[in-house]
Number of protein chains: 4
Amino acid sequence: MSQGPVRAAIIPAPNQPIELQEFDTPALEPGAALLQTLFSEVCGTDVHLHHGRLTGVPYPLIPGHVSVGAIAAARGPITDVLGRPLHEGDVVTFLDVHETCNQCYHCRVTKQTTRCPARKVYGITYGAEDGLLGGWSDAIWMKPGVKMIPLPSELDPETFIGGGCGLVTALHAIDRGEVRLGQSVAVLGVGPVGQSAIAFAALSGASEVIAVGDPADRLAFARRMGATMTLGLDIPASDRAANVRNRTHGFGVDLVIEASGSPDAVSQGLDMVRDGGRVVVVGHYTDNGPVSVHPHWQINRKHVEIRGCWGSDYSHFHRAVELATRFGGRVPWREMASTRFPLEDAGKAVEAVEQQRVLKATIVPS
Amino acid sequence: MSQGPVRAAIIPAPNQPIELQEFDTPALEPGAALLQTLFSEVCGTDVHLHHGRLTGVPYPLIPGHVSVGAIAAARGPITDVLGRPLHEGDVVTFLDVHETCNQCYHCRVTKQTTRCPARKVYGITYGAEDGLLGGWSDAIWMKPGVKMIPLPSELDPETFIGGGCGLVTALHAIDRGEVRLGQSVAVLGVGPVGQSAIAFAALSGASEVIAVGDPADRLAFARRMGATMTLGLDIPASDRAANVRNRTHGFGVDLVIEASGSPDAVSQGLDMVRDGGRVVVVGHYTDNGPVSVHPHWQINRKHVEIRGCWGSDYSHFHRAVELATRFGGRVPWREMASTRFPLEDAGKAVEAVEQQRVLKATIVPS
Amino acid sequence: MSQGPVRAAIIPAPNQPIELQEFDTPALEPGAALLQTLFSEVCGTDVHLHHGRLTGVPYPLIPGHVSVGAIAAARGPITDVLGRPLHEGDVVTFLDVHETCNQCYHCRVTKQTTRCPARKVYGITYGAEDGLLGGWSDAIWMKPGVKMIPLPSELDPETFIGGGCGLVTALHAIDRGEVRLGQSVAVLGVGPVGQSAIAFAALSGASEVIAVGDPADRLAFARRMGATMTLGLDIPASDRAANVRNRTHGFGVDLVIEASGSPDAVSQGLDMVRDGGRVVVVGHYTDNGPVSVHPHWQINRKHVEIRGCWGSDYSHFHRAVELATRFGGRVPWREMASTRFPLEDAGKAVEAVEQQRVLKATIVPS
Amino acid sequence: MSQGPVRAAIIPAPNQPIELQEFDTPALEPGAALLQTLFSEVCGTDVHLHHGRLTGVPYPLIPGHVSVGAIAAARGPITDVLGRPLHEGDVVTFLDVHETCNQCYHCRVTKQTTRCPARKVYGITYGAEDGLLGGWSDAIWMKPGVKMIPLPSELDPETFIGGGCGLVTALHAIDRGEVRLGQSVAVLGVGPVGQSAIAFAALSGASEVIAVGDPADRLAFARRMGATMTLGLDIPASDRAANVRNRTHGFGVDLVIEASGSPDAVSQGLDMVRDGGRVVVVGHYTDNGPVSVHPHWQINRKHVEIRGCWGSDYSHFHRAVELATRFGGRVPWREMASTRFPLEDAGKAVEAVEQQRVLKATIVPS
């Protein structure tokens with residue numbers, strides 16, 4: 001890593017142009033480390049951040065919540081969760097959710113740390129004034145206790161970045177969906193979360209994986225991720241539901257994963273799922289408005305389960321690295337973020353994602 | 001049982017006056033039996049039936065889906081599910097859902113017989129032309145294979161009839177809710193299903209059981225069923241939700257059971273439940289229209305589960321008899337149907353239920 | 001199907017030579033059918049049957065519990081579970097467990113029909129005196145209500161017969177194991193159930209699938225079924241457990257499936273599983289004696305779950321056909337029963353299985 | 001709290017007489033507090049500690065893992081898990097398991113913190129050299145981060161101490177057992193864990209709660225805790241199992257909780273449970289040797305689940321306080337520790353527990 005000041009791309013304020021800024025390298029307290037950034041993800045959340053759609057974000061902000069870096073410096077012995085020592089030069093990723101308090105009702109009683117109000121997220125809830133705590137930067141400051149995971153040599157870092165936060169979120173959603181071998185799955189939405197959900201449904205042994213969304217090139221990519229059937233949004237919603245039921249002997253799929261962010265998709269998912277099936281709602285990370293549902297026909301009589309799925313925790317991140325390692329040769333995650341941008345073009349990267357020219361973009365600082 | 005023709009109260013057609021009609025006693029095929037009716041329930045479903053609000057009902061109809069009778073005649077050896085022989089004179093109840101096919105996708109693959117399209121229900125989907133297959137009658141024809149359950153001597157039949165179909169449905173709902181010892185529960189709706197849901201939540205060791213509904217006398221009764229707090233509908237919905245959260249340290253209850261039939265209650269339940277909690281929707285047996293829900297705030301971000309709950313099967317009926325036996329001394333189910341009507345006043349019984357003058361009524365033929 | 005008498009291979013009594021016998025074709029009652037047998041399985045159960053190791057078997061017996069045939073005759077309209085009509089000429093398999101009573105405590109209260117005492121099984125609990133109710137025969141009598149499943153044209157019948165009853169049983173075991181994407185699995189035993197369990201663990205997205213057993217050629221086959229590591233029984237048991245822990249960062253696998261029939265394997269599985277993991281015991285279809293386990297070290301302190309897994313029901317059979325259809329091109333089930341025997345050599349087929357010269361054998365009547 | 005040195009009862013080394021020793025009050029770091037001990041529990045674990053039967057215990061030891069005290073001093077603002085501020089004078093209990101690391105595989109991947117190797121336990125794994133970290137003392141040092149729970153005014157502290165660690169452990173066991181309303185439960189062992197398991201089974205709405213153990217006075221107490229039937233160990237084991245099956249229509253109970261510490265009880269529990277039922281093994285906190293089980297008859301064919309249950313975490317402690325508050329008037333927990341001993345008689349208290357003269361004893365320092 002070159003000496004001297006560290007460059008980072010920042011969002012100065014909502015809807016302001018993204019610009020480069022220089023930072024000092026942090027003094028490392030015991031247990032801290034510094035990563036030389038190799039790759040950092042640009043995803044839809046960054047578009048939301050650029051437009052100020054999330055609350056509690058302390059602008060100016062260094063975005064970049066999922067990244068891969070090489071340990072450039074470390075103070076004191078640091079180990080990963082499995083107890084393996086980490087060394088300078090190791091290529092690692094890290095859990096962007098740095099802090100859950102392990103003290104509150106959510107952490108200790110209901111054990112759903114994703115709802116801990118104290119959680120701090122690299123690239124989202126830490127601001128530039130907090131330090132180098134975002135990935136769109138030459139270097140990232142690993143505060144003590146940040147969970148770093150070494151990437152096995154057989155895992156291409158860009159495969160992991162291609163999956164990125166969508167891969168982790170989709171894993172949580174698949175877990176919530178409790179898909180079983182041979183079941184049928186419909187995934188609504190073919191963005192990064194939807195694409196990884198499709199891959200995970202297929203890897204879980206689903207007999208059918210139906211992808212619903214657009215545009216056409218994303219549906220084509222969905223087939224490569226494992227979809228056995230695709231339905232574009234040019235087909236009217238009621239026809240899409242009828243198509244799904246026809247494909248499943250008239251009953252509907254065992255599991256729907258809503259990963260579109262469209263409120264209507266929740267209702268449409270209920271029309272596609274079989275009686276007694278499950279609908280996981282994971283696409284509504286931001287507020288896109290309400291939807292009308294029909295308690296008698298769509299919930300009560302159908303005896304279905306609708307499960308919200310919020311965020312992800314270390315366990316999902318840990319298993320996501322394992323899954324990318326094991327299946328990265330089979331699933332084309334790498335191609336999901338194949339468009340690289342240097343640090344100074346971070347604004348263009350966000351634009352490419354916003355305009356859906358790419359599923360994701362990758363920031364490559366050097 | 002007196003010889004001669006058998007009287008039954010029938011609904012000739014939707015919205016027609018209920019009248020008495022005489023029937024011959026059926027010739028019993030092997031495995032069949034005839035019950036002398038002791039008590040038969042009049043519940044909200046019968047009001048729906050009187051107004052023609054359910055589909056697939058073959059009028060003229062002998063209503064009465066949950067009943068208690070004494071075996072007046074039986075052809076051949078008949079046993080209950082536990083293998084105990086049944087004899088003339090035994091006081092029994094029986095599963096109103098006579099037929100599930102055990103041949104279809106729902107019965108054999110997804111194992112949710114409540115969705116079997118072939119199911120036949122005494123007092124609802126059998127018509128008077130099919131024979132004495134409803135409880136508002138001097139006698140009820142037990143077709144071969146109908147599951148009869150002898151009432152233990154320590155179970156007062158009117159305790160069971162007081163709980164009736166609502167007791168069975170509420171048990172299914174509590175199972176779907178997976179309430180755990182010490183959790184908090186809100187029950188929306190204080191009709192028969194809601195009242196039994198309150199009792200079952202309390203019997204399951206819930207720390208708080210909050211009843212929401214009206215009128216005041218039903219809320220008062222809810223306290224006797226086990227509610228620890230009541231909220232009337234005169235309190236605005238948002239205040240009710242705030243009250244529930246205040247009672248639960250600001251978090252909301254672990255479980256909501258919607259047993260009101262109001263579409264809005266689904267949304268209100270989502271506002272009352274804690275992050276990661278469960279909302280069971282059991283009140284929408286008929287179509288009362290749609291409701292607007294907010295996927296971001298009410299489902300995705302809250303990480304909740306919404307579970308529809310349709311009908312009930314033999315296992316619920318079986319356990320309901322056990323629970324009424326075990327806890328009938330503590331829970332005032334008997335009072336829920338304490339207003340008795342002779343067969344000839346069946347129309348008045350329906351009227352009393354419709355006007356909410358009673359939670360339920362009981363038909364006592366002789 | 002040629003006219004005239006039907007030949008069947010029978011076990012006259014335990015340990016007697018298997019011989020051919022002629023039967024009349026049955027008169028078909030409404031809802032019945034006759035299959036021309038295409039393939040019938042010979043598996044370890046048949047070896048047990050030949051030696052009289054199962055109780056309640058009415059010799060003389062026509063063995064053959066999993067078979068594929070073409071409908072030669074059918075009386076009246078017959079549909080499959082999905083409501084599709086079946087026609088003469090259709091190639092089908094059928095659930096060997098013909099009768100569960102749908103009346104008893106197991107069928108109706110606990111809903112585990114595999115424990116129904118009334119269940120009747122083709123080729124096992126029906127004897128030759130009951131008629132053509134085993135697969136080692138030119139023809140098989142489908143009694144009314146037998147669940148036939150048409151094999152899709154893309155499913156090679158021998159692929160399904162290769163998997164056979166082991167495929168169905170292994171699916172039940174995998175369900176009981178609730179394997180999750182990316183978890184690690186050890187399968188103890190590499191007979192037919194173990195081999196399919198290995199395949200299903202891999203198809204479920206397990207990161208590691210460790211096969212334990214012998215001989216070497218079965219371990220080699222296990223790799224082709226999806227095993228990522230194999231351990232022969234020449235390695236001492238404690239070393240095998242150490243190997244499994246080493247492969248899993250010292251913790252042990254998330255799931256063990258015991259499919260060996262060796263009592264010691266239950267204890268060995270407990271030594272291989274991680275704290276909080278699961279051990280499914282499916283290999284003990286017959287009584288092979290007791291095992292010593294250590295409640296403190298192996299159960300209580302480890303916080304594990306041990307789950308017995310008995311038999312299978314229609315849902316497993318149904319899904320097994322779907323899975324063989326979907327994944328039969330990838331998983332070499334077909335090779336598991338690649339040694340064909342004509343009907344007159346059924347005794348040699350049993351011998352080949354008993355001597356472990358083949359994983360399974362196939363009877364091909366014509 | 002009286003000024004001056006603090007007295008504590010210590011076990012100097014295994015099997016040495018318990019003696020009083022004086023300690024300085026600790027200097028409180030930010031977030032720390034000092035409790036004036038009101039009550040501290042003496043349970044079977046303390047007998048084990050006195051005999052040196054647990055590993056990793058740093059003698060000399062101040063025992064006492066579950067205690068109630070009044071906050072005598074606090075440094076800085078301290079809140080409980082619900083965010084409520086704690087003040088001097090508040091009567092609190094606290095989670096004895098002070099430290100789980102929130103960094104390891106068990107804490108972060110499998111989410112079973114009871115298996116965290118870094119966990120530190122007041123009165124067990126902290127020694128006297130670590131400071132006032134046991135309850136048999138005039139004062140207890142609350143290190144920063146220790147989870148204190150204020151006792152509501154309606155909860156008599158001695159009710160909570162009477163239940164004590166057994167109440168918390170039993171709650172975990174009941175959770176693992178997933179008891180459902182109306183099910184039947186057998187509890188093997190009538191020590192403190194067994195007694196609370198009986199109470200919790202009854203509070204969960206079990207229809208039958210069968211207590212198995214001795215001596216007679218503990219069985220009599222079990223009835224007061226909620227048992228509906230008791231079986232003494234003077235009845236031969238096979239007769240006990242037959243009695244249990246007779247009570248349950250020949251099928252066996254839905255759930256067995258083994259809380260006896262006897263290896264044979266695991267096998268006996270398997271003989272008492274119904275097909276498809278659950279056996280929770282919670283009594284084997286220490287090594288009492290192996291047991292012979294029969295995989296075919298007791299596990300595989302019965303299709304049962306055996307679940308180990310290790311320790312407990314904050315969630316159980318939290319809910320235990322709620323349950324003691326809610327149900328302490330109905331369940332006689334208070335009487336379980338009604339024999340009080342002053343600090344100087346701690347040795348006699350251990351003796352009384354060891355000789356089973358009392359279920360538990362309470363140390364009351366002043």
# chains A, B, ... in the order shown; residues from 1 in each chain; ligands from 1

call {"tool": "residues_around", "arguments": {"residues": "Ser262 (chain B)", "least_positions_apart": "3", "cutoff": "8 Å", "atoms": "only C-alpha atoms", "output": "list in words"}}
result
Ala265, Val266, Gly283, His284 and Asn288 of chain B

call {"tool": "select_by_dssp", "arguments": {"residues": "region 57-175 of chain A", "states": "strand (DSSP E or B)", "output": "ChimeraX atom specification"}}
result
/A:61,67-74,79,85,91-94,97-99,120-121,137,139-142,148-150

call {"tool": "write_last_selection", "arguments": {"atoms": "N, CA, C and O atoms", "output": "CSV table (one decimal), in the first residue's frame"}}
result
chain,number,residue,atom,x,y,z
A,61,LEU,N,-20.5,11.1,3.9
A,61,LEU,CA,-20.4,9.7,4.1
A,61,LEU,C,-19.4,9.0,3.1
A,61,LEU,O,-19.3,9.4,1.9
A,67,SER,N,-16.8,-5.1,1.2
A,67,SER,CA,-15.6,-4.8,0.6
A,67,SER,C,-14.6,-6.0,0.8
A,67,SER,O,-14.9,-6.8,1.7
A,68,VAL,N,-13.6,-6.1,0.0
A,68,VAL,CA,-12.5,-7.0,0.2
A,68,VAL,C,-11.2,-6.2,0.2
A,68,VAL,O,-11.0,-5.3,-0.6
A,69,GLY,N,-10.4,-6.6,1.2
A,69,GLY,CA,-9.1,-5.9,1.3
A,69,GLY,C,-8.0,-6.8,1.7
A,69,GLY,O,-8.2,-7.9,2.2
A,70,ALA,N,-6.8,-6.3,1.7
A,70,ALA,CA,-5.6,-7.0,2.2
A,70,ALA,C,-5.2,-6.3,3.5
A,70,ALA,O,-5.2,-5.1,3.6
A,71,ILE,N,-4.9,-7.1,4.5
A,71,ILE,CA,-4.5,-6.5,5.8
A,71,ILE,C,-3.2,-5.8,5.6
A,71,ILE,O,-2.2,-6.4,5.3
A,72,ALA,N,-3.2,-4.5,5.7
A,72,ALA,CA,-1.9,-3.7,5.5
A,72,ALA,C,-1.2,-3.5,6.8
A,72,ALA,O,0.0,-3.4,6.9
A,73,ALA,N,-2.0,-3.4,7.9
A,73,ALA,CA,-1.4,-3.2,9.2
A,73,ALA,C,-2.4,-3.8,10.3
A,73,ALA,O,-3.6,-3.7,10.0
A,74,ALA,N,-1.8,-4.3,11.4
A,74,ALA,CA,-2.7,-4.8,12.4
A,74,ALA,C,-2.0,-4.6,13.7
A,74,ALA,O,-0.7,-4.7,13.8
A,79,THR,N,-7.7,-12.6,15.7
A,79,THR,CA,-8.2,-13.9,15.2
A,79,THR,C,-9.5,-13.7,14.5
A,79,THR,O,-10.3,-12.8,14.8
A,85,PRO,N,-5.5,-17.2,13.5
A,85,PRO,CA,-4.8,-15.8,13.5
A,85,PRO,C,-4.9,-15.2,12.2
A,85,PRO,O,-4.7,-15.9,11.1
A,91,VAL,N,-6.0,-11.7,2.6
A,91,VAL,CA,-7.1,-11.1,1.9
A,91,VAL,C,-8.4,-11.4,2.7
A,91,VAL,O,-8.7,-12.6,2.9
A,92,VAL,N,-9.1,-10.4,3.1
A,92,VAL,CA,-10.3,-10.6,4.0
A,92,VAL,C,-11.5,-9.8,3.5
A,92,VAL,O,-11.3,-8.9,2.8
A,93,THR,N,-12.6,-10.3,3.9
A,93,THR,CA,-13.8,-9.4,3.9
A,93,THR,C,-14.2,-9.2,5.4
A,93,THR,O,-13.6,-9.7,6.3
A,94,PHE,N,-15.2,-8.4,5.6
A,94,PHE,CA,-15.6,-8.2,7.0
A,94,PHE,C,-17.1,-7.9,7.1
A,94,PHE,O,-17.7,-7.4,6.1
A,97,VAL,N,-21.8,-4.8,9.6
A,97,VAL,CA,-22.5,-4.4,10.8
A,97,VAL,C,-21.5,-4.6,11.9
A,97,VAL,O,-21.3,-5.7,12.4
A,98,HIS,N,-20.9,-3.5,12.3
A,98,HIS,CA,-19.8,-3.6,13.3
A,98,HIS,C,-20.3,-3.8,14.7
A,98,HIS,O,-19.9,-4.7,15.4
A,99,GLU,N,-21.3,-3.1,15.1
A,99,GLU,CA,-21.7,-3.1,16.5
A,99,GLU,C,-23.1,-3.5,16.7
A,99,GLU,O,-24.0,-2.9,16.2
A,120,LYS,N,-24.1,-0.4,14.2
A,120,LYS,CA,-23.4,0.5,13.4
A,120,LYS,C,-23.0,-0.2,12.1
A,120,LYS,O,-22.5,-1.3,12.2
A,121,VAL,N,-23.1,0.5,11.0
A,121,VAL,CA,-22.8,-0.2,9.7
A,121,VAL,C,-21.8,0.6,8.9
A,121,VAL,O,-22.0,1.8,8.7
A,137,SER,N,-12.6,3.6,-0.8
A,137,SER,CA,-11.4,4.3,-0.2
A,137,SER,C,-10.2,3.5,-0.4
A,137,SER,O,-10.3,2.3,-0.6
A,139,ALA,N,-8.2,2.8,1.8
A,139,ALA,CA,-8.0,2.0,3.0
A,139,ALA,C,-9.2,2.0,3.8
A,139,ALA,O,-10.0,2.9,3.8
A,140,ILE,N,-9.4,0.9,4.6
A,140,ILE,CA,-10.5,0.8,5.5
A,140,ILE,C,-10.0,0.5,6.9
A,140,ILE,O,-9.1,-0.4,7.1
A,141,TRP,N,-10.5,1.2,7.9
A,141,TRP,CA,-10.1,1.1,9.2
A,141,TRP,C,-11.0,0.0,9.9
A,141,TRP,O,-12.2,0.2,10.1
A,142,MET,N,-10.3,-1.1,10.3
A,142,MET,CA,-11.0,-2.2,11.0
A,142,MET,C,-11.0,-1.8,12.5
A,142,MET,O,-9.9,-2.0,13.1
A,148,MET,N,-13.5,-10.0,10.8
A,148,MET,CA,-12.9,-10.2,9.5
A,148,MET,C,-12.9,-11.7,9.1
A,148,MET,O,-12.7,-12.5,10.0
A,149,ILE,N,-13.1,-12.0,7.9
A,149,ILE,CA,-13.1,-13.4,7.4
A,149,ILE,C,-12.1,-13.5,6.3
A,149,ILE,O,-12.3,-12.9,5.3
A,150,PRO,N,-11.1,-14.4,6.5
A,150,PRO,CA,-10.1,-14.5,5.4
A,150,PRO,C,-10.8,-15.3,4.2
A,150,PRO,O,-11.5,-16.2,4.4

call {"tool": "interface_residues", "arguments": {"of": "chain C", "to": "chain A", "cutoff": "6 Å", "atoms": "only C-alpha atoms", "output": "PyMOL selection string"}}
result
chain C and resi 182+203-205+323

call {"tool": "write_last_selection", "arguments": {"atoms": "C-alpha atoms", "output": "CSV table (one decimal), in the first residue's frame"}}
result
chain,number,residue,atom,x,y,z
C,182,GLY,CA,-23.8,-24.6,3.3
C,203,LEU,CA,-28.3,-31.5,-3.8
C,204,SER,CA,-29.4,-29.5,-0.7
C,205,GLY,CA,-26.3,-27.4,-1.0
C,323,LEU,CA,-36.4,-35.4,-7.6

call {"tool": "residues_around", "arguments": {"residues": "Gly134 (chain B)", "least_positions_apart": "5", "cutoff": "9 Å", "atoms": "only C-alpha atoms", "output": "MDAnalysis selection string"}}
result
chainID B and resid 8 40 61:67 96 121:124 126:128 139:141

call {"tool": "residues_around", "arguments": {"residues": "Phe23 (chain B)", "least_positions_apart": "4", "cutoff": "9 Å", "atoms": "only C-alpha atoms", "output": "PyMOL selection string"}}
result
chain B and resi 5-8+131-132

call {"tool": "write_last_selection", "arguments": {"atoms": "N, CA and C atoms", "output": "JSON list (two decimals), in the first residue's frame"}}
result
[["chain", "number", "residue", "atom", "x", "y", "z"],
["B", 5, "PRO", "N", -91.37, -40.21, 13.75],
["B", 5, "PRO", "CA", -90.58, -39.33, 12.89],
["B", 5, "PRO", "C", -89.69, -38.40, 13.71],
["B", 6, "VAL", "N", -88.63, -37.96, 13.04],
["B", 6, "VAL", "CA", -87.62, -37.10, 13.67],
["B", 6, "VAL", "C", -87.83, -35.68, 13.19],
["B", 7, "ARG", "N", -87.82, -34.75, 14.12],
["B", 7, "ARG", "CA", -87.97, -33.35, 13.75],
["B", 7, "ARG", "C", -86.60, -32.70, 13.56],
["B", 8, "ALA", "N", -86.51, -31.81, 12.59],
["B", 8, "ALA", "CA", -85.28, -31.03, 12.41],
["B", 8, "ALA", "C", -85.66, -29.60, 12.04],
["B", 131, "GLY", "N", -79.89, -36.14, 4.17],
["B", 131, "GLY", "CA", -80.30, -36.87, 5.37],
["B", 131, "GLY", "C", -80.05, -36.06, 6.62],
["B", 132, "LEU", "N", -80.12, -36.74, 7.74],
["B", 132, "LEU", "CA", -80.05, -36.08, 9.05],
["B", 132, "LEU", "C", -78.60, -35.77, 9.39]]

call {"tool": "select_by_dssp", "arguments": {"residues": "region 161-338 of chain C", "states": "alpha helix (DSSP H)", "output": "ChimeraX atom specification"}}
result
/C:161-177,192-203,216-225,237-247,263-272,314-327

call {"tool": "closest_residue", "arguments": {"among": "B:Arg75, B:Arg301, B:Lys143, B:Lys360", "to": "Thr286 (chain A)", "atoms": "only C-alpha atoms"}}
result
B:Arg301

call {"tool": "residues_around", "arguments": {"residues": "Ala220 (chain A)", "least_positions_apart": "6", "cutoff": "10 Å", "atoms": "only C-alpha atoms", "output": "CSV table (one decimal) with C-alpha atoms, in the first residue's frame"}}
result
chain,number,residue,atom,x,y,z
A,190,VAL,CA,-34.1,-9.9,-10.4
A,211,ALA,CA,-37.9,-15.7,-11.8
A,214,ASP,CA,-37.3,-7.4,-15.9
A,227,ALA,CA,-34.0,-20.2,-12.8
A,229,MET,CA,-38.6,-20.5,-15.9
A,230,THR,CA,-38.8,-16.7,-16.3
